[in-house]
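Participant: This structure is in structure tokens; I'll ask about it shortly.
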Amino acid sequence: MKSISKKVLTFILSLMLIFTMIPREVYANEFSYSKIIDPIYDYARNFSEGLAAVMKDGKWGYIDKTGKTVLEFKYDIAYSFSENKALVGMIGTKDDGYDEYSAISWGLIDKEGKSTPLLYDDGSQFSTIYYEEYFSFEQTSQYLYNGALTMRAVGWDATFGTDGKMMFANTQLGQIHQPTEGVVAVYAEGTDFIGYIDQKTGEILFEDKNFADVRPFNQGMAFVCFYDQNLGQYHWKIMDINGNFLSDTIYSNFYVKNLYSEYKIFNDNTLASVQDSNGKWGAIDISGKTVLPFIYDNLRVFDEGVAAFSRDGKFGFIDINGNEVIAPQFDDVSLFNNGIAVARVGDSAFCIDKYGKKIVGAEKLPVDTYFVESGFYDDGSIRYIVYSPGRYVIFEENGKYGLGEIKFTPSLPTANEMDSWALEEVTLAIKNNLVPNNLQNMYRADITRVDFAALVVKAIEEVAEKDINEILKEKTGKTLYELVSKYPFEDTTNTNVIAAQALGIINGKSEGKFAPYDTITRQEAAALLMRTAKYFGQESVSEGKGFNDSKDIANYAKEAVDYVAGLEIMTGKSGNVFAPTDSYNREQAYMTIYRLFNVLVNK
């Protein structure tokens with residue numbers, strides 16, 4: 001007898017769940033931790049793009065997730081892979097005509113070990129002084145972002161391309177931030193130049209502005225600093241890519257996510273956590289409008305639908321609407337990462353879920369993977385840093401390092417987290433592994449293009465029962481990270497976006513731009529769902545419904561609307577209208593990706 005495939009069996013069980021829902025507690029916070037790489041290394045960095053940099057007998061090399069050596073142990077320093085390349089250094093001797101000293105020569109390597117040296121603008125090898133007691137380069141970005149790497153060493157800032165050639169250097173410009181969105185922010189203390197330059201042309205931008213400091217652009221916005229002569233103090237304002245200020249409102253501080261890559265200030269639902277001139281924290285949206293009042297002692301970055309806030313010296317979490325979801329009770333907390341955060345109380349720390357409850361099983365995780373002493377405060381008390389553990393963690397045993405893996409399934413959503421009509425199908429989408437852990441929140445919020453790309457990739461993986469890297473290799477002949485390193489978009493290197501684009505499902509919005517944080521409309525969602533279905537060869541089963549507002553549907557989306565309506569993946573609203581330009585939120589996206597999944601596994 002022919003066996004039932006995993007996907008068909010999952011679908012059958014899902015249909016049964018429509019009528020007999022399994023109690024929610026069955027799925028609550030399933031956590032497991034296992035050691036996958038034995039502690040045999042002198043030092044280790046985490047897995048990135050399938051490889052981990054590890055040190056043995058004083059030399060660095062790279063291993064895969066089975067512990068197999070992929071790149072031999074020959075480097076004096078090595079960093080993690082990003083965009084299919086990794087930064088490595090070799091210690092040697094350099095004579096600059098005045099003195100002879102130990103120096104590190106830097107280069108980029110690919111996953112076959114082919115090396116590309118970093119070069120000064122005169123073509124000579126880029127190197128920095130090596131101090132055994134202090135590795136000056138440890139404080140810099142270390143990773144490529146959108147094809148650029150900015151290094152900050154003693155007396156030197158420089159940005160290099162993937163070809164190893166120097167793009168900018170501090171002899172010309174001063175301190176350089178990592179380029180973002182085609183613009184480079186430069187701060188040259190003691191000089192007349194503090195501002196921005198075009199990454200491609202080197203042209204100076206916004207020359208009429210008298211900046212005191214500048215920060216990178218993200219989503220077309222940047223925080224810029226000015227000095228107020230009358231008040232005798234510095235303050236920050238928000239400027240768009242055309243040099244216009246959002247408002248006259250000034251801020252004294254702000255939080256940043258992904259400091260050395262996309263420099264993201266506006267996060268979940270385009271919220272930025274900022275401090276006003278009175279020292280209180282609140283949140284603004286990308287138009288500059290105050291969304292959450294300035295009443296908090298501290299308000300950190302929004303992530304996975306929540307942000308840590310403090311009151312009377314204790315931390316809790318609020319959601320994007322300002323609702324207190326975890327009461328202030330902790331001495332410190334981390335960001336959430338795939339449904340897990342770390343909380344500290346006194347000298348102990350533990351993992352919590354999105355409801356503030358301790359995660360059962362997480363106590364098996366070595367505490368030094370997320371809770372680290374980092375010195376002392378002026379009053380003699382211990383300074384701690386808390387990290388939210390990712391999928392892979394580094395652990396230490398008897399002075400040697402290994403790597404472990406975390407698997408975590410968050411609790412299913414509750415009825416009050418979304419509209420009642422969405423709960424059943426959203427829950428089934430989650431149970432069928434169609435919604436990544438980090439997107440299981442903010443169900444009523446409009447979905448962004450980058451988040452919809454994540455849903456598309458998950459659906460393709462689940463239907464094909466293959467990893468996206470394997471799928472891409474079969475379809476394009478290239479790995480995911482080789483495709484990333486082709487840089488089809490200048491405003492994102494998100495792997496889900498690149499994968500969906502390579503499979504012909506997602507396109508850019510304009511030349512070289514993807515606009516990852518733009519939200520999508522109903523007709524755009526229809527087009528993306530149709531392309532995903534056609535990728536698997538799915539034919540429509542009818543001619544659609546003939547909506548009363550068909551004339552309002554854009555030409556590019558007419559076929560798609562009929563297609564998804566015919567398959568009953570997307571249906572119209574009351575009054576037999578499709579409302580093509582209406583917004584599309586997360587719960588709607590999760591429901592329709594689940595319906596698409598059901599169509600494809602039963603075709």
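Going by the structure tokens order, chains are called A, B, ..., each with residues numbered from 1, while ligands are numbered from 1 in the order shown.
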Need the shell around segment 494-500 of chain A: protein/DNA/RNA residues with any atom at most 10 Å away, counting only C-alpha atoms. Skip same-chain ones fewer than 5 positions apart. Format as number ranges by chain?
Facilitator: A: 83, 146, 449-458, 460, 468-469, 471-472, 479-481, 483-489, 505-508, 514, 516, 528, 532
Participant: Would you work out the distance separating atom CA of Gly92 of chain A from atom CA of Tyr79 of chain A, expressed in Å to one decimal?
Facilitator: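 Here the two named atoms are 18.4 Å from each other.
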Participant: Excluding segment 534-542 of chain A and any residue of its chain fewer than 2 positions from it, enumerate the residues within 10 Å of it, using only C-alpha atoms, and give them as an MDAnalysis selection string.
Facilitator: chainID A and resid 460 463:464 503:505 528:532 544:545 560 562:568 599:600 603
Participant: Quick one: distance from atom CA of Tyr392 of chain A to atom CA of Asn46 of chain A in Å, one decimal?
Facilitator: 6.7 Å
Participant: Using only C-alpha atoms, which protein or nucleic acid residues come within 7 Å of segment 586-591 of chain A? Drop anything in the same chain fewer than 4 positions from it, and give the result as a list in words.
Facilitator: Ala422, Glu425, Val426, Ala429, Tyr443, Arg444, Ala445, Asp446, Ile447 and Arg595 of chain A
Participant: Write out, as a compact mmCIF listing (two decimals), in the first residue's frame, the residues just selected, with N, CA, C and O atoms.
Facilitator:
```
# COMPACT_ATOMS: atom_id res chain seq x y z
N ALA A 422 -9.95 34.89 12.87
CA ALA A 422 -8.65 34.49 12.33
C ALA A 422 -7.98 33.40 13.15
O ALA A 422 -7.09 32.71 12.66
N GLU A 425 -7.49 29.45 11.79
CA GLU A 425 -6.57 29.21 10.68
C GLU A 425 -5.16 29.70 10.99
O GLU A 425 -4.17 29.09 10.53
N VAL A 426 -5.02 30.76 11.75
CA VAL A 426 -3.68 31.21 12.16
C VAL A 426 -3.02 30.13 13.01
O VAL A 426 -1.83 29.82 12.84
N ALA A 429 -1.86 27.40 10.81
CA ALA A 429 -0.66 27.81 10.08
C ALA A 429 0.58 27.63 10.94
O ALA A 429 1.61 27.14 10.49
N TYR A 443 -0.37 40.28 15.48
CA TYR A 443 -1.20 39.66 14.45
C TYR A 443 -2.07 40.66 13.70
O TYR A 443 -2.42 40.44 12.54
N ARG A 444 -2.43 41.75 14.34
CA ARG A 444 -3.29 42.74 13.67
C ARG A 444 -2.49 43.79 12.90
O ARG A 444 -3.08 44.63 12.21
N ALA A 445 -1.18 43.77 13.03
CA ALA A 445 -0.34 44.76 12.34
C ALA A 445 -0.22 44.43 10.86
O ALA A 445 -0.20 43.26 10.46
N ASP A 446 -0.13 45.47 10.02
CA ASP A 446 0.07 45.26 8.59
C ASP A 446 1.38 44.52 8.35
O ASP A 446 2.40 44.81 9.00
N ILE A 447 1.37 43.60 7.42
CA ILE A 447 2.58 42.81 7.16
C ILE A 447 3.48 43.53 6.16
O ILE A 447 3.00 44.19 5.22
N ARG A 595 -3.98 28.42 3.66
CA ARG A 595 -4.88 27.91 2.62
C ARG A 595 -4.09 27.50 1.38
O ARG A 595 -4.38 26.48 0.73
```
Participant: With distances taken over only C-alpha atoms, which of A:Tyr517, A:Tyr377, A:Phe168, A:Trp421 is nearest to Thr201 of chain A?
Facilitator: A:Phe168
Participant: Take atom CA of Tyr120 of chain A and atom CA of Ile204 of chain A and report the distance between them in Å, one decimal.
Facilitator: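 Calculated distance between atom CA of Tyr120 of chain A and atom CA of Ile204 of chain A is 21.7 Å.
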Participant: Got a sec: who's within 9 Å of segment 256-261 of chain A, counting only C-alpha atoms, leaving out chain neighbours fewer than 5 positions off, as a list in words?
Facilitator: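 Everything that qualifies: Thr140, Ser141, Gln142, Tyr143, Leu144, Tyr145, Asn146, Thr150, His177, Gln178, Pro179, Thr180, Phe266, Asn267, Ala272, Ser273, Arg300, Val301, Phe302 and Asp303 of chain A.
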Participant: With only C-alpha atoms as the counted atoms, please give the residues lying no more than 7 Å from segment 277-293 of chain A, apart from itself and same-chain residues fewer than 3 positions off, as a ChimeraX atom specification.
Facilitator: /A:246-247,251-252,266,270-274,296-299,322
Participant: Sorted by chain and rising residue number, list the residues of segment 393-483 of chain A at most 10 Å from segment 349-362 of chain A (counting only C-alpha atoms), each with its closest atom pair and distance in Å to one decimal, as a tab-separated table.
Facilitator:
```
residue	atom	partner	partner_atom	distance
A:Ile406	CA	A:Ala362	CA	9.0
A:Phe408	CA	A:Ala362	CA	9.6
A:Pro410	CA	A:Asp353	CA	7.4
A:Ser411	CA	A:Asp353	CA	8.4
A:Asn441	CA	A:Lys354	CA	9.4
```
Participant: Could you save the residues just selected, with N, CA and C atoms, as a compact mmCIF listing (two decimals), in the first residue's frame?
Facilitator:
```
# COMPACT_ATOMS: atom_id res chain seq x y z
N ILE A 406 19.58 25.07 20.35
CA ILE A 406 18.32 25.25 21.05
C ILE A 406 17.17 25.03 20.06
N PHE A 408 12.99 25.56 20.19
CA PHE A 408 11.94 26.13 21.03
C PHE A 408 10.68 26.34 20.22
N PRO A 410 7.18 28.18 20.77
CA PRO A 410 6.42 29.06 21.68
C PRO A 410 4.99 28.56 21.87
N SER A 411 4.34 29.06 22.91
CA SER A 411 2.93 28.77 23.11
C SER A 411 2.12 29.28 21.93
N ASN A 441 3.44 37.12 16.52
CA ASN A 441 3.10 38.27 17.36
C ASN A 441 2.51 39.36 16.46
```
Participant: Neighbouring residues of Tyr41 of chain A were defined as those with any atom within 12 Å, considering only C-alpha atoms; residues of the same chain fewer than 2 positions away were excluded. Please report them as a tab-separated table (two decimals) with all heavy atoms, in the first residue's frame.
Facilitator:
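And here's out_32.tsv as it stands now:
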```
chain	number	residue	atom	x	y	z
A	37	ILE	N	28.50	20.14	19.14
A	37	ILE	CA	29.94	20.18	18.88
A	37	ILE	C	30.65	20.07	20.23
A	37	ILE	O	30.45	20.91	21.12
A	37	ILE	CB	30.38	21.49	18.17
A	37	ILE	CG1	29.61	21.68	16.86
A	37	ILE	CG2	31.89	21.49	17.94
A	37	ILE	CD1	29.90	20.66	15.79
A	38	ASP	N	31.47	19.06	20.40
A	38	ASP	CA	32.16	18.84	21.68
A	38	ASP	C	33.07	20.01	22.02
A	38	ASP	O	33.64	20.66	21.13
A	38	ASP	CB	32.98	17.54	21.63
A	38	ASP	CG	32.10	16.30	21.58
A	38	ASP	OD1	30.95	16.38	22.08
A	38	ASP	OD2	32.55	15.28	21.03
A	39	PRO	N	33.26	20.28	23.33
A	39	PRO	CA	34.14	21.38	23.75
A	39	PRO	C	35.62	21.00	23.63
A	39	PRO	O	36.27	20.59	24.61
A	39	PRO	CB	33.73	21.60	25.21
A	39	PRO	CG	33.25	20.26	25.67
A	39	PRO	CD	32.60	19.63	24.47
A	43	TYR	N	38.74	28.53	21.44
A	43	TYR	CA	37.76	29.61	21.38
A	43	TYR	C	36.82	29.28	20.22
A	43	TYR	O	37.15	28.48	19.34
A	43	TYR	CB	38.42	30.97	21.16
A	43	TYR	CG	37.55	32.14	21.53
A	43	TYR	CD1	37.31	32.44	22.88
A	43	TYR	CD2	36.94	32.92	20.56
A	43	TYR	CE1	36.48	33.50	23.23
A	43	TYR	CE2	36.13	33.98	20.90
A	43	TYR	CZ	35.90	34.26	22.24
A	43	TYR	OH	35.06	35.30	22.59
A	44	ALA	N	35.64	29.90	20.22
A	44	ALA	CA	34.69	29.63	19.16
A	44	ALA	C	33.80	30.83	18.91
A	44	ALA	O	33.49	31.59	19.83
A	44	ALA	CB	33.83	28.41	19.52
A	45	ARG	N	33.39	31.01	17.67
A	45	ARG	CA	32.35	31.96	17.31
A	45	ARG	C	31.13	31.16	16.88
A	45	ARG	O	31.22	29.96	16.60
A	45	ARG	CB	32.81	32.90	16.20
A	45	ARG	CG	34.09	33.65	16.53
A	45	ARG	CD	34.32	34.80	15.58
A	45	ARG	NE	35.67	35.31	15.68
A	45	ARG	CZ	36.12	36.12	16.63
A	45	ARG	NH1	35.30	36.52	17.59
A	45	ARG	NH2	37.37	36.54	16.64
A	52	ALA	N	31.13	27.74	11.46
A	52	ALA	CA	31.55	28.43	12.67
A	52	ALA	C	33.07	28.56	12.67
A	52	ALA	O	33.79	27.60	12.34
A	52	ALA	CB	31.10	27.66	13.92
A	53	ALA	N	33.56	29.76	13.02
A	53	ALA	CA	34.99	29.97	13.18
A	53	ALA	C	35.40	29.47	14.56
A	53	ALA	O	34.80	29.86	15.57
A	53	ALA	CB	35.34	31.44	13.02
A	54	VAL	N	36.40	28.60	14.62
A	54	VAL	CA	36.88	28.03	15.89
A	54	VAL	C	38.40	28.06	15.91
A	54	VAL	O	39.06	28.02	14.86
A	54	VAL	CB	36.36	26.59	16.10
A	54	VAL	CG1	34.86	26.58	16.32
A	54	VAL	CG2	36.73	25.70	14.93
A	55	MET	N	38.96	28.14	17.13
A	55	MET	CA	40.40	28.20	17.27
A	55	MET	C	40.91	26.94	17.97
A	55	MET	O	40.35	26.50	18.97
A	55	MET	CB	40.81	29.43	18.07
A	55	MET	CG	42.33	29.61	18.17
A	55	MET	SD	42.83	31.18	18.95
A	55	MET	CE	42.35	30.88	20.64
A	56	LYS	N	42.00	26.38	17.44
A	56	LYS	CA	42.63	25.20	18.02
A	56	LYS	C	44.14	25.32	17.87
A	56	LYS	O	44.63	25.65	16.79
A	56	LYS	CB	42.12	23.93	17.31
A	56	LYS	CG	42.64	22.63	17.90
A	56	LYS	CD	41.90	21.43	17.35
A	56	LYS	CE	42.08	21.30	15.85
A	56	LYS	NZ	41.43	20.06	15.34
A	57	ASP	N	44.83	25.13	18.98
A	57	ASP	CA	46.30	25.23	18.99
A	57	ASP	C	46.78	26.57	18.44
A	57	ASP	O	47.77	26.65	17.70
A	57	ASP	CB	46.92	24.08	18.18
A	57	ASP	CG	46.57	22.71	18.75
A	57	ASP	OD1	46.44	22.60	19.99
A	57	ASP	OD2	46.41	21.75	17.97
A	58	GLY	N	46.05	27.62	18.78
A	58	GLY	CA	46.48	28.97	18.43
A	58	GLY	C	46.12	29.41	17.03
A	58	GLY	O	46.42	30.55	16.65
A	59	LYS	N	45.48	28.57	16.24
A	59	LYS	CA	45.09	28.92	14.88
A	59	LYS	C	43.58	28.75	14.69
A	59	LYS	O	42.96	27.90	15.31
A	59	LYS	CB	45.84	28.05	13.85
A	59	LYS	CG	47.34	28.30	13.81
A	59	LYS	CD	47.68	29.67	13.22
A	59	LYS	CE	49.19	29.86	13.09
A	59	LYS	NZ	49.52	31.19	12.52
A	60	TRP	N	43.06	29.58	13.79
A	60	TRP	CA	41.62	29.56	13.52
A	60	TRP	C	41.32	28.82	12.22
A	60	TRP	O	42.08	28.90	11.25
A	60	TRP	CB	41.08	30.98	13.40
A	60	TRP	CG	40.99	31.71	14.70
A	60	TRP	CD1	42.01	32.34	15.35
A	60	TRP	CD2	39.82	31.91	15.48
A	60	TRP	NE1	41.54	32.92	16.51
A	60	TRP	CE2	40.21	32.69	16.62
A	60	TRP	CE3	38.49	31.54	15.35
A	60	TRP	CZ2	39.30	33.07	17.60
A	60	TRP	CZ3	37.57	31.92	16.31
A	60	TRP	CH2	37.99	32.68	17.43
A	61	GLY	N	40.18	28.12	12.23
A	61	GLY	CA	39.67	27.48	11.03
A	61	GLY	C	38.15	27.50	11.09
A	61	GLY	O	37.55	28.16	11.95
A	62	TYR	N	37.50	26.75	10.21
A	62	TYR	CA	36.04	26.75	10.15
A	62	TYR	C	35.51	25.32	10.11
A	62	TYR	O	36.07	24.45	9.42
A	62	TYR	CB	35.55	27.51	8.91
A	62	TYR	CG	35.82	29.00	9.00
A	62	TYR	CD1	37.05	29.52	8.62
A	62	TYR	CD2	34.85	29.88	9.47
A	62	TYR	CE1	37.31	30.88	8.70
A	62	TYR	CE2	35.09	31.24	9.55
A	62	TYR	CZ	36.33	31.73	9.17
A	62	TYR	OH	36.58	33.09	9.25
A	63	ILE	N	34.44	25.09	10.86
A	63	ILE	CA	33.79	23.78	10.90
A	63	ILE	C	32.32	23.92	10.49
A	63	ILE	O	31.74	25.00	10.57
A	63	ILE	CB	33.88	23.14	12.30
A	63	ILE	CG1	33.18	24.04	13.34
A	63	ILE	CG2	35.33	22.86	12.69
A	63	ILE	CD1	33.04	23.41	14.71
A	67	GLY	N	30.72	19.21	12.86
A	67	GLY	CA	32.05	19.26	13.45
A	67	GLY	C	33.17	19.01	12.45
A	67	GLY	O	34.35	19.05	12.80
A	73	PHE	N	42.90	25.05	9.76
A	73	PHE	CA	43.31	25.92	10.87
A	73	PHE	C	44.65	26.56	10.52
A	73	PHE	O	45.71	26.01	10.78
A	73	PHE	CB	43.42	25.11	12.16
A	73	PHE	CG	42.10	24.63	12.68
A	73	PHE	CD1	41.52	23.47	12.18
A	73	PHE	CD2	41.43	25.35	13.65
A	73	PHE	CE1	40.29	23.04	12.65
A	73	PHE	CE2	40.20	24.92	14.13
A	73	PHE	CZ	39.61	23.77	13.63
A	394	ILE	N	27.30	29.12	22.21
A	394	ILE	CA	28.65	28.67	22.55
A	394	ILE	C	28.69	28.35	24.04
A	394	ILE	O	28.19	29.11	24.85
A	394	ILE	CB	29.68	29.77	22.21
A	394	ILE	CG1	29.60	30.12	20.72
A	394	ILE	CG2	31.09	29.34	22.58
A	394	ILE	CD1	30.32	31.40	20.36
A	395	PHE	N	29.27	27.21	24.40
A	395	PHE	CA	29.41	26.87	25.82
A	395	PHE	C	30.87	26.51	26.13
A	395	PHE	O	31.66	26.20	25.23
A	395	PHE	CB	28.48	25.72	26.20
A	395	PHE	CG	28.83	24.39	25.58
A	395	PHE	CD1	29.69	23.50	26.22
A	395	PHE	CD2	28.28	24.02	24.35
A	395	PHE	CE1	30.01	22.28	25.65
A	395	PHE	CE2	28.59	22.80	23.78
A	395	PHE	CZ	29.46	21.92	24.42
A	396	GLU	N	31.22	26.59	27.41
A	396	GLU	CA	32.59	26.33	27.85
A	396	GLU	C	32.60	25.22	28.91
A	396	GLU	O	31.76	25.20	29.81
A	396	GLU	CB	33.20	27.59	28.45
A	396	GLU	CG	34.63	27.41	28.95
A	396	GLU	CD	35.18	28.63	29.65
A	396	GLU	OE1	34.41	29.60	29.82
A	396	GLU	OE2	36.36	28.61	30.07
A	397	GLU	N	33.54	24.30	28.77
A	397	GLU	CA	33.74	23.26	29.77
A	397	GLU	C	35.25	23.05	29.95
A	397	GLU	O	35.95	22.79	28.97
A	397	GLU	CB	33.09	21.94	29.35
A	397	GLU	CG	31.58	21.93	29.43
A	397	GLU	CD	30.99	20.59	29.06
A	397	GLU	OE1	31.77	19.63	28.84
A	397	GLU	OE2	29.75	20.48	28.97
A	398	ASN	N	35.72	23.24	31.17
A	398	ASN	CA	37.13	23.03	31.50
A	398	ASN	C	38.06	23.83	30.59
A	398	ASN	O	39.11	23.33	30.15
A	398	ASN	CB	37.48	21.53	31.42
A	398	ASN	CG	36.64	20.69	32.34
A	398	ASN	OD1	36.41	21.06	33.50
A	398	ASN	ND2	36.17	19.54	31.86
A	399	GLY	N	37.65	25.06	30.30
A	399	GLY	CA	38.50	25.95	29.52
A	399	GLY	C	38.45	25.71	28.02
A	399	GLY	O	39.19	26.36	27.27
A	400	LYS	N	37.59	24.82	27.56
A	400	LYS	CA	37.45	24.54	26.14
A	400	LYS	C	36.02	24.88	25.70
A	400	LYS	O	35.08	24.85	26.49
A	400	LYS	CB	37.75	23.07	25.82
A	400	LYS	CG	39.20	22.67	26.10
A	400	LYS	CD	40.16	23.34	25.11
A	400	LYS	CE	41.59	22.85	25.32
A	400	LYS	NZ	42.54	23.46	24.36
A	401	TYR	N	35.89	25.16	24.38
A	401	TYR	CA	34.61	25.64	23.88
A	401	TYR	C	33.99	24.68	22.88
A	401	TYR	O	34.69	24.06	22.07
A	401	TYR	CB	34.79	27.01	23.22
A	401	TYR	CG	35.16	28.10	24.19
A	401	TYR	CD1	36.49	28.31	24.55
A	401	TYR	CD2	34.20	28.90	24.77
A	401	TYR	CE1	36.86	29.30	25.45
A	401	TYR	CE2	34.53	29.89	25.68
A	401	TYR	CZ	35.86	30.08	26.01
A	401	TYR	OH	36.20	31.06	26.91
A	402	GLY	N	32.66	24.58	22.97
A	402	GLY	CA	31.88	23.81	22.01
A	402	GLY	C	30.64	24.59	21.64
A	402	GLY	O	30.44	25.73	22.08
A	403	LEU	N	29.77	23.96	20.85
A	403	LEU	CA	28.53	24.63	20.43
A	403	LEU	C	27.33	23.73	20.68
A	403	LEU	O	27.40	22.51	20.53
A	403	LEU	CB	28.60	25.01	18.95
A	403	LEU	CG	29.60	26.14	18.66
A	403	LEU	CD1	30.76	25.62	17.86
A	403	LEU	CD2	28.94	27.29	17.93
```
Participant: Got a sec to tell me which of segment 79-308 of chain A DSSP assigns to helix (DSSP H, G or I), as a PyMOL selection string?
Facilitator: chain A and resi 136-139+268-270
